[in-house]
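**Student:** Below is the file model29.cif, which contains mmCIF, C-alpha atoms.
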data_target
#
loop_
_atom_site.label_atom_id
_atom_site.label_comp_id
_atom_site.auth_asym_id
_atom_site.auth_seq_id
_atom_site.Cartn_x
_atom_site.Cartn_y
_atom_site.Cartn_z
CA MET V 1379 -30.42 -11.88 20.90
CA LYS V 1380 -32.37 -14.68 19.26
CA ASN V 1381 -34.13 -12.72 16.51
CA ARG V 1382 -31.03 -11.94 14.48
CA SER V 1383 -31.50 -11.44 10.77
CA TYR V 1384 -29.25 -13.16 8.25
CA GLU V 1385 -27.21 -9.94 7.86
CA ASP V 1386 -26.81 -9.63 11.64
CA TRP V 1387 -25.40 -13.14 11.72
CA ILE V 1388 -23.02 -12.38 8.87
CA ASP V 1389 -21.85 -9.20 10.66
CA LEU V 1390 -21.23 -11.27 13.77
CA HIS V 1391 -19.25 -13.85 11.78
CA TRP V 1392 -17.10 -11.07 10.32
CA GLN V 1393 -16.36 -9.59 13.72
CA ARG V 1394 -15.39 -12.64 15.74
CA THR V 1395 -15.58 -16.38 16.20
CA LEU V 1396 -19.00 -17.42 17.49
CA THR V 1397 -19.32 -18.81 21.00
CA PRO V 1398 -20.59 -22.43 21.23
CA GLU V 1399 -24.00 -21.11 22.24
CA GLU V 1400 -24.08 -18.73 19.26
CA THR V 1401 -22.97 -21.52 16.94
CA GLY V 1402 -25.96 -23.58 18.06
CA GLN V 1403 -28.28 -20.64 17.46
CA TRP V 1404 -26.75 -20.03 14.04
CA GLU V 1405 -27.22 -23.66 12.98
CA ALA V 1406 -30.81 -23.52 14.20
CA PHE V 1407 -31.31 -20.33 12.18
CA LEU V 1408 -30.07 -22.04 9.01
CA GLN V 1409 -32.38 -25.01 9.62
CA GLU V 1410 -35.33 -22.67 10.01
CA ASN V 1411 -34.28 -20.65 6.94
CA PRO V 1412 -32.90 -23.14 4.40
CA ASP V 1413 -33.04 -20.52 1.62
CA HIS V 1414 -30.02 -18.80 3.28
CA ARG V 1415 -27.87 -21.94 3.11
CA GLU V 1416 -26.76 -21.29 -0.46
CA GLU V 1417 -25.96 -17.64 0.29
CA TRP V 1418 -24.04 -18.67 3.39
CA LYS V 1419 -21.73 -20.83 1.22
CA TRP V 1420 -20.69 -17.74 -0.77
CA ASP V 1421 -20.41 -15.57 2.34
CA GLN V 1422 -18.25 -18.20 3.98
CA GLN V 1423 -15.99 -18.40 0.94
CA LEU V 1424 -15.59 -14.63 0.83
CA MET V 1425 -14.99 -14.30 4.56
CA GLU V 1426 -12.34 -17.02 4.57
CA GLY V 1427 -10.76 -15.56 1.47
CA VAL V 1428 -10.50 -12.07 2.98
CA HIS V 1429 -9.23 -13.32 6.33
CA HIS V 1430 -6.64 -15.52 4.64
CA LEU V 1431 -5.18 -12.82 2.44
CA ALA V 1432 -1.46 -13.09 3.02
CA ASP V 1433 0.56 -10.38 4.68
CA VAL V 1434 2.23 -8.10 2.17
CA PRO V 1435 6.04 -8.53 2.39
CA LEU V 1436 7.60 -5.62 4.25
CA SER V 1437 11.28 -4.61 4.22
CA SER V 1438 13.18 -6.48 6.90
CA ASN V 1439 14.80 -3.23 8.07
CA PHE V 1440 11.51 -1.35 8.39
CA THR V 1441 11.60 -1.09 12.19
CA SER V 1442 15.23 0.08 12.27
CA ARG V 1443 14.45 2.70 9.60
CA VAL V 1444 11.57 4.05 11.68
CA ILE V 1445 13.71 4.14 14.83
CA ARG V 1446 16.50 5.93 12.94
CA SER V 1447 14.03 8.53 11.66
CA VAL V 1448 12.72 9.07 15.16
CA GLU V 1449 16.26 9.47 16.51
CA HIS V 1450 16.89 12.09 13.85
CA LEU V 1451 13.81 13.89 15.06
CA GLN V 1452 15.34 14.48 18.48
CA PRO V 1453 17.85 17.22 17.50
CA ASP V 1454 15.17 18.88 15.41
CA SER V 1455 12.86 19.09 18.34
CA VAL V 1456 15.66 20.44 20.50
CA THR V 1457 16.40 23.03 17.81
CA GLN V 1458 12.75 23.96 17.57
CA GLU V 1459 12.57 24.30 21.32
CA SER V 1460 15.64 26.53 21.48
CA GLU V 1461 14.32 28.60 18.59
CA ALA V 1462 11.04 29.02 20.39
CA ARG V 1463 12.87 30.02 23.54
CA ARG V 1464 14.98 32.49 21.56
CA SER V 1465 11.94 34.08 19.98
CA GLU V 1466 10.33 34.38 23.42
CA SER V 1467 13.34 36.05 25.05
CA GLY V 1468 14.30 38.10 22.02
CA GLY V 1469 10.94 39.74 21.73
CA TRP V 1470 12.49 43.24 21.74
CA SER V 1471 11.56 43.69 18.08
CA LYS V 1472 7.94 43.26 19.10
CA TRP V 1473 8.39 46.10 21.63
CA TRP V 1474 10.25 48.26 19.11
CA SER V 1475 7.23 48.17 16.82
CA LEU V 1476 5.30 50.25 19.40
CA PRO V 1477 5.42 53.97 18.31
CA GLY V 1478 5.90 55.36 21.84
CA ILE V 1479 8.86 53.09 22.48
CA ARG V 1480 10.32 54.01 19.09
CA ILE V 1481 10.09 57.79 19.66
CA ALA V 1482 11.53 57.51 23.15
CA GLY V 1483 14.37 55.33 21.91
CA THR V 1484 15.25 57.67 19.05
CA SER V 1485 15.20 60.69 21.39
CA VAL V 1486 17.56 58.98 23.80
CA VAL V 1487 20.00 58.17 20.98
CA LEU V 1488 19.92 61.76 19.63
CA LEU V 1489 20.39 63.28 23.09
CA ALA V 1490 23.29 60.97 23.80
CA GLY V 1491 24.88 61.95 20.46
CA PHE V 1492 24.46 65.66 21.19
CA TRP V 1493 25.96 65.31 24.63
CA LEU V 1494 28.95 63.42 23.24
CA TRP V 1495 29.50 66.15 20.67
CA GLN V 1496 29.35 68.83 23.34
CA TRP V 1497 31.72 67.01 25.58
CA ASP V 1498 34.45 66.42 22.94
CA PRO V 1499 37.40 68.74 23.91
CA THR V 1500 38.79 68.81 20.36
CA ALA V 1501 35.51 70.01 18.88
CA PRO V 1502 36.26 73.82 18.95
CA SER V 1503 39.68 73.41 17.30
CA MET V 1504 38.13 71.16 14.72
CA VAL V 1505 35.53 73.81 13.94
CA GLU V 1506 38.32 76.39 13.54
CA SER V 1507 40.27 74.15 11.16
CA ILE V 1508 37.21 73.50 9.07
CA THR V 1509 36.44 77.23 8.87
CA THR V 1510 40.03 78.02 7.75
CA VAL V 1511 39.91 75.37 5.07
CA THR V 1512 36.55 76.49 3.74
CA GLN V 1513 37.67 80.14 3.62
CA ALA V 1514 40.91 79.43 1.73
CA GLU V 1515 41.02 80.47 -1.90
CA THR V 1516 40.67 77.73 -4.36
CA VAL V 1517 43.88 76.58 -6.01
CA PRO V 1518 43.84 76.18 -9.82
CA THR V 1519 43.48 72.64 -10.90
CA VAL V 1520 46.26 70.72 -12.70
CA GLU V 1521 44.35 71.02 -15.99
CA GLU V 1522 44.13 74.77 -15.65
CA LEU V 1523 47.89 75.01 -15.06
CA GLU V 1524 48.64 73.03 -18.21
CA ASN V 1525 46.31 75.18 -20.32
CA PHE V 1526 48.01 78.35 -21.55
CA ASP V 1527 44.79 80.31 -22.12
CA ALA V 1528 43.70 79.42 -18.67
CA ILE V 1529 47.04 80.63 -17.27
CA SER V 1530 46.84 83.91 -19.10
CA GLY V 1531 43.32 84.32 -17.84
CA LEU V 1532 44.48 84.03 -14.26
CA ALA V 1533 44.64 87.24 -12.23
CA GLN V 1534 47.98 89.02 -12.95
CA THR V 1535 50.01 91.06 -10.51
CA SER V 1536 49.63 94.84 -10.77
CA ALA V 1537 51.33 96.47 -13.82
CA ASP V 1538 52.11 99.74 -11.91
CA VAL V 1539 55.88 100.33 -11.66
CA ASP V 1540 57.36 101.30 -8.36
CA TRP V 1541 59.62 104.05 -9.76
CA GLU V 1542 61.01 104.99 -6.37
CA LEU V 1543 62.37 101.52 -6.01
CA VAL V 1544 63.80 101.58 -9.53
CA PHE V 1545 65.63 104.90 -8.91
CA ALA V 1546 66.89 103.67 -5.59
CA MET V 1547 68.36 100.64 -7.26
CA ASP V 1548 70.02 102.72 -9.90
CA MET Y 1461 12.18 -4.98 26.54
CA PRO Y 1462 8.42 -4.92 25.90
CA THR Y 1463 6.59 -8.22 26.16
CA THR Y 1464 3.44 -9.36 24.38
CA GLN Y 1465 1.62 -8.97 27.70
CA ASP Y 1466 2.31 -5.22 27.75
CA SER Y 1467 -0.79 -3.46 26.50
CA ASP Y 1468 -0.57 -0.87 23.79
CA VAL Y 1469 -1.51 1.79 26.33
CA GLU Y 1470 1.29 0.76 28.70
CA LEU Y 1471 3.79 0.92 25.85
CA MET Y 1472 2.51 4.32 24.75
CA LEU Y 1473 2.81 5.68 28.29
CA GLN Y 1474 6.42 4.49 28.31
CA VAL Y 1475 6.98 6.14 24.91
CA GLN Y 1476 5.74 9.38 26.47
CA GLN Y 1477 8.63 9.10 28.91
CA GLY Y 1478 10.98 8.89 25.92
CA ASN Y 1479 11.38 5.10 25.98
CA LEU Y 1480 12.46 4.16 22.45
CA VAL Y 1481 12.48 0.43 23.24
CA SER Y 1482 8.75 0.56 23.98
CA PHE Y 1483 8.23 2.49 20.77
CA GLU Y 1484 10.11 -0.21 18.89
CA GLY Y 1485 7.76 -2.75 20.49
CA LEU Y 1486 4.74 -0.85 19.16
CA VAL Y 1487 6.28 -0.60 15.68
CA ASP Y 1488 6.90 -4.35 15.64
CA ARG Y 1489 3.37 -5.04 16.80
CA TYR Y 1490 1.59 -2.83 14.29
CA LYS Y 1491 3.87 -2.56 11.25
CA GLN Y 1492 2.35 -5.52 9.38
CA PRO Y 1493 -1.37 -4.69 9.75
CA ILE Y 1494 -0.66 -1.02 9.04
CA PHE Y 1495 1.41 -1.86 5.97
CA ASN Y 1496 -1.19 -4.40 4.74
CA LEU Y 1497 -3.90 -1.77 4.99
CA ILE Y 1498 -1.92 0.96 3.25
CA TYR Y 1499 -0.61 -1.33 0.53
CA ARG Y 1500 -4.08 -2.68 -0.27
CA MET Y 1501 -5.42 0.87 -0.40
CA LEU Y 1502 -2.67 2.16 -2.71
CA ARG Y 1503 -1.24 -0.88 -4.51
CA ASP Y 1504 2.21 0.67 -4.47
CA ALA Y 1505 4.68 -1.09 -2.16
CA ASP Y 1506 7.29 1.71 -2.06
CA GLU Y 1507 4.74 4.41 -1.37
CA ALA Y 1508 3.00 2.18 1.17
CA GLU Y 1509 6.27 1.73 3.09
CA ASP Y 1510 6.94 5.46 3.09
CA ILE Y 1511 3.46 6.18 4.40
CA ALA Y 1512 3.69 3.41 7.01
CA GLN Y 1513 6.94 5.00 8.19
CA LYS Y 1514 5.23 8.40 8.38
CA VAL Y 1515 2.42 6.83 10.43
CA PHE Y 1516 4.86 5.66 13.10
CA ILE Y 1517 6.79 8.93 13.07
CA GLN Y 1518 3.52 10.78 13.59
CA VAL Y 1519 2.62 8.44 16.45
CA TYR Y 1520 5.98 9.22 18.07
CA LYS Y 1521 5.66 12.96 17.53
CA ALA Y 1522 2.14 12.98 18.96
CA SER Y 1523 2.98 10.64 21.85
CA GLU Y 1524 3.12 13.53 24.34
CA ARG Y 1525 -0.46 14.40 23.50
CA TYR Y 1526 -1.67 10.79 23.64
CA ARG Y 1527 -4.36 10.13 26.24
CA PRO Y 1528 -5.46 6.53 26.83
CA THR Y 1529 -9.14 7.37 26.35
CA ALA Y 1530 -9.48 5.57 23.01
CA GLN Y 1531 -7.95 2.31 21.88
CA PHE Y 1532 -4.44 2.71 20.52
CA SER Y 1533 -5.36 0.63 17.46
CA THR Y 1534 -8.19 3.05 16.61
CA TRP Y 1535 -5.76 5.94 16.85
CA ILE Y 1536 -3.01 4.42 14.71
CA PHE Y 1537 -5.42 3.08 12.05
CA THR Y 1538 -7.01 6.55 11.86
CA ILE Y 1539 -3.59 8.11 11.23
CA ALA Y 1540 -2.83 5.43 8.62
CA ARG Y 1541 -6.14 5.91 6.85
CA ASN Y 1542 -5.83 9.72 6.82
CA LEU Y 1543 -2.29 9.68 5.41
CA THR Y 1544 -3.35 7.12 2.79
CA LEU Y 1545 -6.36 9.24 1.84
CA ASN Y 1546 -4.07 12.27 1.44
CA GLU Y 1547 -1.93 10.25 -0.95
CA ILE Y 1548 -4.97 9.02 -2.91
CA ARG Y 1549 -6.20 12.62 -3.22
CA ARG Y 1550 -2.75 13.85 -4.22
CA ARG Y 1551 -2.63 11.21 -6.96
CA SER Y 1552 -6.11 11.99 -8.21
CA ARG Y 1553 -5.16 15.70 -8.47
CA LYS Y 1554 -1.92 14.87 -10.24
CA PRO Y 1555 -2.50 11.72 -12.26
CA ASN Y 1556 0.67 10.08 -13.49
CA THR Y 1557 1.80 6.76 -14.87
CA ASP Y 1558 1.96 5.28 -11.39
CA SER Y 1559 -1.80 4.99 -11.16
CA LEU Y 1560 -3.46 3.01 -8.43
CA ASP Y 1561 -4.01 0.07 -10.71
CA ALA Y 1562 -0.70 0.25 -12.51
CA THR Y 1563 0.89 -2.46 -10.45
CA ILE Y 1564 -2.10 -4.78 -10.51
CA ASP Y 1565 -1.64 -7.66 -12.85
CA PRO Y 1566 -4.82 -9.74 -12.82
CA GLU Y 1567 -3.00 -12.67 -14.37
CA GLY Y 1568 0.10 -12.47 -12.25
CA ASP Y 1569 0.85 -13.24 -8.66
CA GLN Y 1570 2.76 -10.06 -7.84
CA ILE Y 1571 3.20 -10.73 -4.15
CA PRO Y 1572 4.68 -14.03 -3.11
CA ARG Y 1573 2.18 -15.69 -0.87
CA GLU Y 1574 2.52 -18.49 1.61
CA TYR Y 1575 -0.24 -20.69 2.86
CA GLY Y 1576 -0.05 -23.13 5.72
CA ASP Y 1577 -0.58 -26.87 5.53
CA VAL Y 1578 -0.20 -27.14 1.77
CA LYS Y 1579 0.91 -30.77 1.86
CA SER Y 1580 -2.43 -32.00 3.19
CA LYS Y 1581 -4.38 -30.51 0.28
CA ASP Y 1582 -4.77 -31.55 -3.24
CA ALA Y 1583 -2.40 -29.45 -5.40
CA ARG Y 1584 -5.12 -28.54 -7.90
CA GLU Y 1585 -7.51 -27.51 -5.17
CA GLU Y 1586 -4.77 -25.46 -3.57
CA ALA Y 1587 -3.96 -23.75 -6.86
CA MET Y 1588 -7.63 -22.88 -7.32
CA ARG Y 1589 -7.80 -21.54 -3.80
CA ARG Y 1590 -4.76 -19.38 -4.40
CA GLU Y 1591 -6.27 -18.11 -7.60
CA LEU Y 1592 -9.51 -17.22 -5.86
CA LEU Y 1593 -7.61 -15.39 -3.12
CA ASN Y 1594 -5.80 -13.38 -5.80
CA ARG Y 1595 -9.14 -12.48 -7.36
CA ILE Y 1596 -10.59 -11.46 -4.01
CA ASP Y 1597 -7.50 -9.30 -3.37
CA LEU Y 1598 -8.00 -7.72 -6.78
CA GLY Y 1599 -11.73 -7.31 -6.14
CA ILE Y 1600 -11.02 -5.46 -2.88
CA SER Y 1601 -8.66 -3.08 -4.67
CA GLU Y 1602 -11.46 -2.20 -7.07
CA LEU Y 1603 -14.00 -1.31 -4.37
CA PRO Y 1604 -14.79 2.35 -3.62
CA GLU Y 1605 -12.32 3.78 -1.09
CA ASN Y 1606 -14.56 3.76 2.00
CA GLN Y 1607 -15.86 0.21 1.34
CA ARG Y 1608 -12.28 -0.93 0.76
CA ALA Y 1609 -11.11 0.66 4.01
CA ALA Y 1610 -14.01 -0.86 5.97
CA ILE Y 1611 -13.42 -4.39 4.71
CA LEU Y 1612 -9.64 -4.17 5.16
CA LEU Y 1613 -10.03 -2.91 8.72
CA CYS Y 1614 -12.34 -5.87 9.33
CA LYS Y 1615 -9.71 -8.18 7.88
CA GLU Y 1616 -6.92 -6.87 10.11
CA GLY Y 1617 -8.81 -8.29 13.09
CA ASP Y 1618 -9.35 -6.97 16.60
CA VAL Y 1619 -10.99 -3.91 15.09
CA SER Y 1620 -14.64 -3.76 16.11
CA TYR Y 1621 -17.37 -2.07 14.11
CA ASP Y 1622 -17.35 0.72 16.72
CA GLU Y 1623 -13.66 1.29 16.07
CA ILE Y 1624 -14.11 1.16 12.31
CA ALA Y 1625 -16.84 3.79 12.68
CA ARG Y 1626 -14.45 6.02 14.62
CA ILE Y 1627 -11.63 5.49 12.12
CA LEU Y 1628 -13.88 6.23 9.15
CA ASN Y 1629 -15.61 9.03 11.06
CA CYS Y 1630 -19.11 7.66 10.49
CA SER Y 1631 -21.83 5.80 12.39
CA VAL Y 1632 -21.84 2.07 13.11
CA SER Y 1633 -24.90 1.65 10.87
CA ALA Y 1634 -22.97 3.37 8.06
CA VAL Y 1635 -20.12 0.89 8.61
CA LYS Y 1636 -22.60 -2.00 8.37
CA SER Y 1637 -23.97 -0.54 5.17
CA LEU Y 1638 -20.47 -0.10 3.68
CA LEU Y 1639 -19.55 -3.68 4.55
CA PHE Y 1640 -22.83 -5.03 3.21
CA ARG Y 1641 -22.27 -3.32 -0.15
CA ALA Y 1642 -18.65 -4.42 -0.29
CA ARG Y 1643 -19.58 -8.04 0.47
CA GLU Y 1644 -22.39 -8.03 -2.09
CA THR Y 1645 -20.06 -6.74 -4.81
CA LEU Y 1646 -17.35 -9.27 -3.98
CA LYS Y 1647 -19.80 -12.19 -3.70
CA ARG Y 1648 -21.34 -11.32 -7.05
CA ARG Y 1649 -17.88 -11.34 -8.64
CA ILE Y 1650 -16.88 -14.59 -6.96
CA LYS Y 1651 -20.09 -16.28 -8.18
CA HIS Y 1652 -19.41 -15.03 -11.69
CA TYR Y 1653 -15.79 -16.17 -11.54
CA VAL Y 1654 -16.63 -19.63 -10.19
CA SER Y 1655 -19.34 -20.21 -12.81
CA THR Y 1656 -17.51 -18.74 -15.84
CA GLY Y 1657 -13.82 -18.70 -14.89
CA ASP Y 1658 -13.81 -15.03 -15.77
CA TRP Y 1659 -13.39 -12.32 -13.12
CA GLU Y 1660 -14.65 -9.46 -15.26
CA GLU Y 1661 -18.45 -9.42 -15.35
#
Could you rewrite the structure in this file as structure tokens?
**Tutor:**
Amino acid sequence: MKNRSYEDWIDLHWQRTLTPEETGQWEAFLQENPDHREEWKWDQQLMEGVHHLADVPLSSNFTSRVIRSVEHLQPDSVTQESEARRSESGGWSKWWSLPGIRIAGTSVVLLAGFWLWQWDPTAPSMVESITTVTQAETVPTVEELENFDAISGLAQTSADVDWELVFAMD
Amino acid sequence: MPTTQDSDVELMLQVQQGNLVSFEGLVDRYKQPIFNLIYRMLRDADEAEDIAQKVFIQVYKASERYRPTAQFSTWIFTIARNLTLNEIRRRSRKPNTDSLDATIDPEGDQIPREYGDVKSKDAREEAMRRELLNRIDLGISELPENQRAAILLCKEGDVSYDEIARILNCSVSAVKSLLFRARETLKRRIKHYVSTGDWEE
């Protein structure tokens, strides 16, 4: 490519070292275009300056810090994997969200409960005990027994005298 | 143990098999250019180290998905540039005292620099050269973000214009345009500095 412009040459200089052939062409270009010589001086200065910028000092333990961080990543990834596996296998909650499955499941639980209740041999006696307890008369509370008015208000025994019994005793 | 002959792709394929030694080889190979790029984009050494670390962690995490269709350097510089851009955006949304320019001291030499073959040069000339390099470094930090990234990727070597275009997600002609504008700005400032001794125009 012999018809390079000045900017093309500068781009080439920035990208790589020129081959001997290119160097000859470049020198010929500058001889043909002496007005670019002055500009080339500044371009050269800038290019050298940029390429010679020193490396910025980096911590001496940088590599070991990176490796340590990466090693710490390993258990995390294992954890993530196992979590992912768990969520795949434990997808029952996803199924439970389906209404049909929910109704069927609830029915099964209720039927099982009913059957268990039916099957319990102590159930009839328990029902009898509960009935007896609920039918029993309520006993006065402790407060009522301590309160005189309440006591006098309680139902009294009959005031009729059994005279036959009295005479018999006499 | 990885050797310098092992290509980046070979090392990455070994990393895919869980080879941490190969990964260490890649970190050693790329840590300096990646850190240089991030530091010169952010001007904050601590933050730059954190981001550089994240770059390598991301490379490791994504190693299973890596396919050797593109150059490894393009891939890692793209990750570095994206993470740095995220940080720049985060800072611009939440400005604080640690601004991008907070650590830049135009008069000071904040990073110790070493240059080869100092003995053979005149001390004064060398001091002037060092000073000019500092100014160029400062000038780069003041370029717009995409021009800065383009010129720094150029500086890190072995990154072609095609690769820069892929990293910056633009066309090759756009890369040329970015570099042209960056060079023009820097040259103008160098000319001004050399003629007046003052960097600010």
**Student:** Mind running chain V against chain Y at 6 Å and telling me each contacting residue's nearest atom pair with the distance in Å (one decimal), counting only C-alpha atoms, chain and number ascending, as a tab-separated table?
**Tutor:**
residue	atom	partner	partner_atom	distance
V:Gly1427	CA	Y:Leu1593	CA	5.6
V:His1429	CA	Y:Lys1615	CA	5.4
V:Ala1432	CA	Y:Arg1573	CA	5.9
V:Val1434	CA	Y:Asn1496	CA	5.7
V:Val1444	CA	Y:Gln1513	CA	5.9
**Student:** Go through Y:His1652, Y:Arg1541, Y:Lys1554, Y:Arg1584 and flag the residue nearest Asn1606 (chain Y), using only C-alpha atoms for the distances.
**Tutor:**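 Checking each of Y:His1652, Y:Arg1541, Y:Lys1554, Y:Arg1584 against Asn1606 (chain Y), counting only C-alpha atoms, the winner is Y:Arg1541.
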**Student:** Using all atoms listed in the file, which residue out of Y:Ile1627, Y:Asp1582, Y:Ala1587, Y:Ile1498 lies closest to Ile1511 (chain Y)?
**Tutor:**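 Among the listed residues, the smallest separation from Ile1511 (chain Y) belongs to Y:Ile1498.
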**Student:** Would you write out, as a PyMOL selection string, every residue that the PyMOL selection byres ((chain V and resi 1388) around 12) captures in this file?
**Tutor:** (chain V and resi 1382-1387+1389-1396+1404+1407-1408+1414+1417-1422+1424-1425) or (chain Y and resi 1636+1639-1640+1643-1644)
**Student:** Considering all atoms listed in the file, state which residue in the set Y:Asp1504, Y:Thr1656, Y:Arg1551, Y:Leu1628 is at the smallest distance from Ile1539 (chain Y).
**Tutor:**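 Between Y:Asp1504, Y:Thr1656, Y:Arg1551, Y:Leu1628, the residue approaching Ile1539 (chain Y) most closely is Y:Leu1628.
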